[in-house]
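Student: Contents of query23.pdb (PDB, C-alpha atoms) are below:
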```pdb
ATOM      1  CA  MET I 197      10.548 -21.240  13.694
ATOM      2  CA  PHE I 198       8.906 -21.655  17.101
ATOM      3  CA  ASN I 199       9.040 -18.025  18.206
ATOM      4  CA  ASP I 200       5.400 -17.838  19.217
ATOM      5  CA  ILE I 201       5.248 -20.986  21.386
ATOM      6  CA  GLY I 202       5.087 -20.176  25.076
ATOM      7  CA  ALA I 203       6.242 -22.282  28.014
ATOM      8  CA  LEU I 204       2.757 -23.639  28.732
ATOM      9  CA  GLU I 205       2.275 -24.797  25.127
ATOM     10  CA  LEU I 206       5.708 -26.441  25.112
ATOM     11  CA  VAL I 207       4.950 -28.354  28.338
ATOM     12  CA  THR I 208       1.594 -29.397  26.886
ATOM     13  CA  LEU I 209       3.291 -30.733  23.733
ATOM     14  CA  VAL I 210       5.845 -32.707  25.770
ATOM     15  CA  VAL I 211       3.135 -34.257  27.980
ATOM     16  CA  LEU I 212       1.055 -35.089  24.914
ATOM     17  CA  ALA I 213       4.077 -36.688  23.186
ATOM     18  CA  VAL I 214       4.807 -38.823  26.288
ATOM     19  CA  LEU I 215       1.175 -39.939  26.419
ATOM     20  CA  VAL I 216       0.940 -40.763  22.700
ATOM     21  CA  PHE I 217       4.319 -42.423  22.117
ATOM     22  CA  GLY I 218       5.171 -43.575  25.619
ATOM     23  CA  PRO I 219       8.454 -43.015  27.451
ATOM     24  CA  ASP I 220      10.122 -45.991  25.714
ATOM     25  CA  LYS I 221       9.554 -44.920  22.080
ATOM     26  CA  LEU I 222       9.895 -41.150  22.630
ATOM     27  CA  PRO I 223      13.734 -40.922  22.158
ATOM     28  CA  LYS I 224      13.480 -42.849  18.867
ATOM     29  CA  VAL I 225      10.685 -40.569  17.638
ATOM     30  CA  ILE I 226      12.706 -37.463  18.537
ATOM     31  CA  GLN I 227      15.689 -38.823  16.573
ATOM     32  CA  ASP I 228      13.509 -39.573  13.558
ATOM     33  CA  VAL I 229      11.940 -36.102  13.600
ATOM     34  CA  SER I 230      15.330 -34.371  13.934
ATOM     35  CA  ARG I 231      16.722 -36.480  11.059
ATOM     36  CA  PHE I 232      13.701 -35.526   8.923
ATOM     37  CA  VAL I 233      14.175 -31.801   9.698
ATOM     38  CA  ARG I 234      17.884 -32.034   8.776
ATOM     39  CA  LYS I 235      17.010 -33.697   5.445
ATOM     40  CA  VAL I 236      14.418 -31.040   4.626
ATOM     41  CA  ARG I 237      16.941 -28.257   5.372
ATOM     42  CA  GLU I 238      19.584 -29.982   3.241
ATOM     43  CA  PHE I 239      17.068 -30.401   0.399
ATOM     44  CA  SER I 240      16.088 -26.714   0.519
ATOM     45  CA  ASP I 241      19.743 -25.600   0.606
ATOM     46  CA  ASN I 242      20.496 -27.774  -2.421
ATOM     47  CA  ALA I 243      17.472 -26.374  -4.251
ATOM     48  CA  LYS I 244      18.593 -22.787  -3.518
ATOM     49  CA  HIS I 245      22.104 -23.572  -4.739
ATOM     50  CA  ASP I 246      20.746 -25.137  -7.952
ATOM     51  CA  ILE I 247      18.477 -22.165  -8.641
ATOM     52  CA  ARG I 248      21.330 -19.688  -8.101
ATOM     53  CA  SER I 249      23.630 -21.653 -10.406
ATOM     54  CA  GLU I 250      20.925 -21.832 -13.110
ATOM     55  CA  LEU I 251      20.164 -18.101 -12.933
ATOM     56  CA  GLY I 252      23.723 -17.187 -13.813
ATOM     57  CA  PRO I 253      26.332 -14.738 -12.569
ATOM     58  CA  GLU I 254      24.107 -11.653 -12.806
ATOM     59  CA  PHE I 255      22.000 -13.052  -9.937
ATOM     60  CA  LYS I 256      24.913 -13.935  -7.647
ATOM     61  CA  ASP I 257      23.647 -11.577  -4.908
ATOM     62  CA  PHE I 258      20.049 -12.845  -5.191
ATOM     63  CA  GLU I 259      18.482 -13.714  -1.836
ATOM     64  CA  PHE I 260      15.251 -15.659  -1.551
ATOM     65  CA  GLU I 261      14.237 -13.489   1.407
ATOM     66  CA  ASP I 262      13.962 -10.607  -1.094
ATOM     67  CA  LEU I 263      10.909 -12.328  -2.563
ATOM     68  CA  ASN I 264       9.010 -11.429   0.591
ATOM     69  CA  PRO I 265       7.002  -8.299  -0.358
ATOM     70  CA  LYS I 266       7.921  -6.421   2.839
ATOM     71  CA  THR I 267      11.619  -7.054   2.353
ATOM     72  CA  PHE I 268      11.445  -6.227  -1.357
ATOM     73  CA  ILE I 269       9.717  -2.868  -0.768
ATOM     74  CA  ARG I 270      12.055  -1.960   2.094
ATOM     75  CA  LYS I 271      15.093  -2.736  -0.081
ATOM     76  CA  GLN I 272      13.759  -0.770  -3.059
ATOM     77  CA  LEU I 273      12.930   2.264  -0.916
ATOM     78  CA  SER I 274      16.327   2.308   0.779
ATOM     79  CA  GLU I 275      18.283   2.009  -2.489
ATOM     80  CA  ASN I 276      16.336   4.611  -4.504
ATOM     81  CA  ASP I 277      18.394   7.825  -4.831
ATOM     82  CA  ASP I 278      15.388   9.954  -5.827
ATOM     83  CA  LEU I 279      13.577   9.067  -2.602
ATOM     84  CA  LYS I 280      16.675   9.838  -0.543
ATOM     85  CA  GLU I 281      16.797  13.290  -2.149
ATOM     86  CA  ILE I 282      13.106  13.913  -1.436
ATOM     87  CA  ARG I 283      13.512  12.803   2.184
ATOM     88  CA  SER I 284      16.482  15.094   2.700
ATOM     89  CA  SER I 285      14.705  18.120   1.188
ATOM     90  CA  PHE I 286      11.480  17.657   3.141
ATOM     91  CA  ASP I 287      11.459  19.216   6.611
ATOM     92  CA  LEU I 288       8.430  17.828   8.416
ATOM     93  CA  LYS I 289       8.847  19.980  11.525
ATOM     94  CA  LYS I 290       8.922  23.191   9.447
ATOM     95  CA  GLU I 291       5.849  22.132   7.482
ATOM     96  CA  MET I 292       3.930  21.265  10.647
ATOM     97  CA  ASN I 293       4.830  24.622  12.248
ATOM     98  CA  GLU I 294       3.597  26.477   9.163
ATOM     99  CA  VAL I 295       0.304  24.591   9.213
ATOM    100  CA  ALA I 296      -0.125  25.190  12.946
ATOM    101  CA  ASP I 297       0.570  28.912  12.493
ATOM    102  CA  ALA I 298      -1.988  29.119   9.697
ATOM    103  CA  VAL I 299      -4.610  27.342  11.785
ATOM    104  CA  ASN I 300      -3.937  29.473  14.858
ATOM    105  CA  GLY I 301      -4.043  32.660  12.801
ATOM    106  CA  LYS I 302      -0.437  33.664  13.407
ATOM    107  CA  GLU I 303       1.358  35.556  10.687
ATOM    108  CA  PRO I 304       3.571  33.076   8.792
ATOM    109  CA  THR I 305       7.064  33.994   7.720
ATOM    110  CA  PRO I 306       7.003  32.993   4.061
ATOM    111  CA  SER I 307      10.263  32.606   2.229
ATOM    112  CA  VAL I 308       8.578  33.718  -1.008
ATOM    113  CA  PRO I 309       6.181  36.703  -0.954
ATOM    114  CA  ALA I 310       2.573  35.743  -1.561
ATOM    115  CA  THR I 311       1.106  36.949  -4.834
ATOM    116  CA  VAL I 312      -2.485  37.030  -5.948
ATOM    117  CA  ASN I 313      -3.169  37.470  -9.666
ATOM    118  CA  GLY I 314       0.464  38.358 -10.259
ATOM    119  CA  SER I 315       0.526  41.409  -7.968
ATOM    120  CA  PRO I 316       1.739  41.144  -4.381
ATOM    121  CA  GLY I 317      -0.608  42.286  -1.658
ATOM    122  CA  SER I 318      -3.756  42.494  -3.802
ATOM    123  CA  GLY I 319      -6.884  40.871  -2.413
ATOM    124  CA  PRO I 320      -7.701  39.711   1.099
ATOM    125  CA  ASP I 321      -5.150  37.861   3.212
ATOM    126  CA  LEU I 322      -6.813  34.510   3.801
ATOM    127  CA  LEU I 323      -4.346  33.483   6.496
ATOM    128  CA  LYS I 324      -5.051  36.520   8.686
ATOM    129  CA  LYS I 325      -7.757  36.118  11.324
ATOM    130  CA  ARG I 326     -10.790  38.347  10.754
ATOM    131  CA  GLU I 327     -11.910  40.764  13.393
ATOM    132  CA  THR I 328     -15.299  40.093  14.935
ATOM    133  CA  PRO I 329     -18.039  42.308  13.541
ATOM    134  CA  GLY I 330     -19.561  44.989  15.765
ATOM    135  CA  GLN I 331     -23.124  44.918  17.119
ATOM    136  CA  ALA I 332     -24.560  47.055  14.322
ATOM    137  CA  GLU I 333     -22.683  45.244  11.575
ATOM    138  CA  ARG I 334     -24.255  42.021  10.325
ATOM    139  CA  PRO I 335     -22.040  39.072   9.440
ATOM    140  CA  PRO I 336     -22.059  38.029   5.773
ATOM    141  CA  PHE I 337     -24.869  35.674   4.751
ATOM    142  CA  ASP I 338     -24.218  32.705   2.516
ATOM    143  CA  ALA I 339     -27.398  31.119   1.183
ATOM    144  CA  ASP I 340     -25.554  28.040  -0.042
ATOM    145  CA  ALA I 341     -24.131  27.310   3.396
ATOM    146  CA  THR I 342     -27.538  27.042   5.103
TER     147      THR I 342
END
```
Could you quickly redo this structure as structure tokens?

Tutor:
Amino acid sequence: MFNDIGALELVTLVVLAVLVFGPDKLPKVIQDVSRFVRKVREFSDNAKHDIRSELGPEFKDFEFEDLNPKTFIRKQLSENDDLKEIRSSFDLKKEMNEVADAVNGKEPTPSVPATVNGSPGSGPDLLKKRETPGQAERPPFDADAT
């Protein structure tokens, strides 16, 4: 509940409470506040119990924390068998190496031979790095690119 209160803020609150209520009334105020917090917790526990009993036996494992969107999504993703299968079949390191090889111009080692228009080896190899043209040879001109 008070996870984000530092030591300086806590000391400031104590000094402020002593100044506002005085040292004589402060123990009584602390008792009243703690009694109020206990009653609120008891009320919320009773409300949770009543809701669970009204929902019926099919919601016996229902947790109110599951209503938090982060918790709900995390639970749904961890319980979904289709996603587990996709995660197990996907090899990120292999995919990244293939992309890096294609960018660097290295010859990939495909598991399935590449086909263009149904015939293997027809057409230019787009993954192979082109040789630089000679002095006399002009590079291709693309009017749309300029």

Student: Tell me, in Å to one decimal, how far atom CA of I:Phe239 is from atom CA of I:Lys266.

Tutor: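 Atom-to-atom, atom CA of I:Phe239 to atom CA of I:Lys266, that is 25.8 Å.
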
Student: Find the residues around stretch 223-235 of chain I up to 12 Å (all atoms listed in the file counted), leave out those fewer than 4 positions away in its own chain, and share them as a ChimeraX atom specification.

Tutor: /I:197,210,213-214,216-219,239-242

Student: Quick check, in Å to one decimal: how far apart do atom CA of I:Ser285 and atom CA of I:Pro265 lie?

Tutor: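 Value for the atom CA of I:Ser285-atom CA of I:Pro265 distance: 27.6 Å.
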
Student: Could you tell me how far atom CA of I:Glu291 sits from atom CA of I:Lys271, in Å to one decimal place?

Tutor: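 Rounded to one decimal, the two atoms are 27.6 Å apart.
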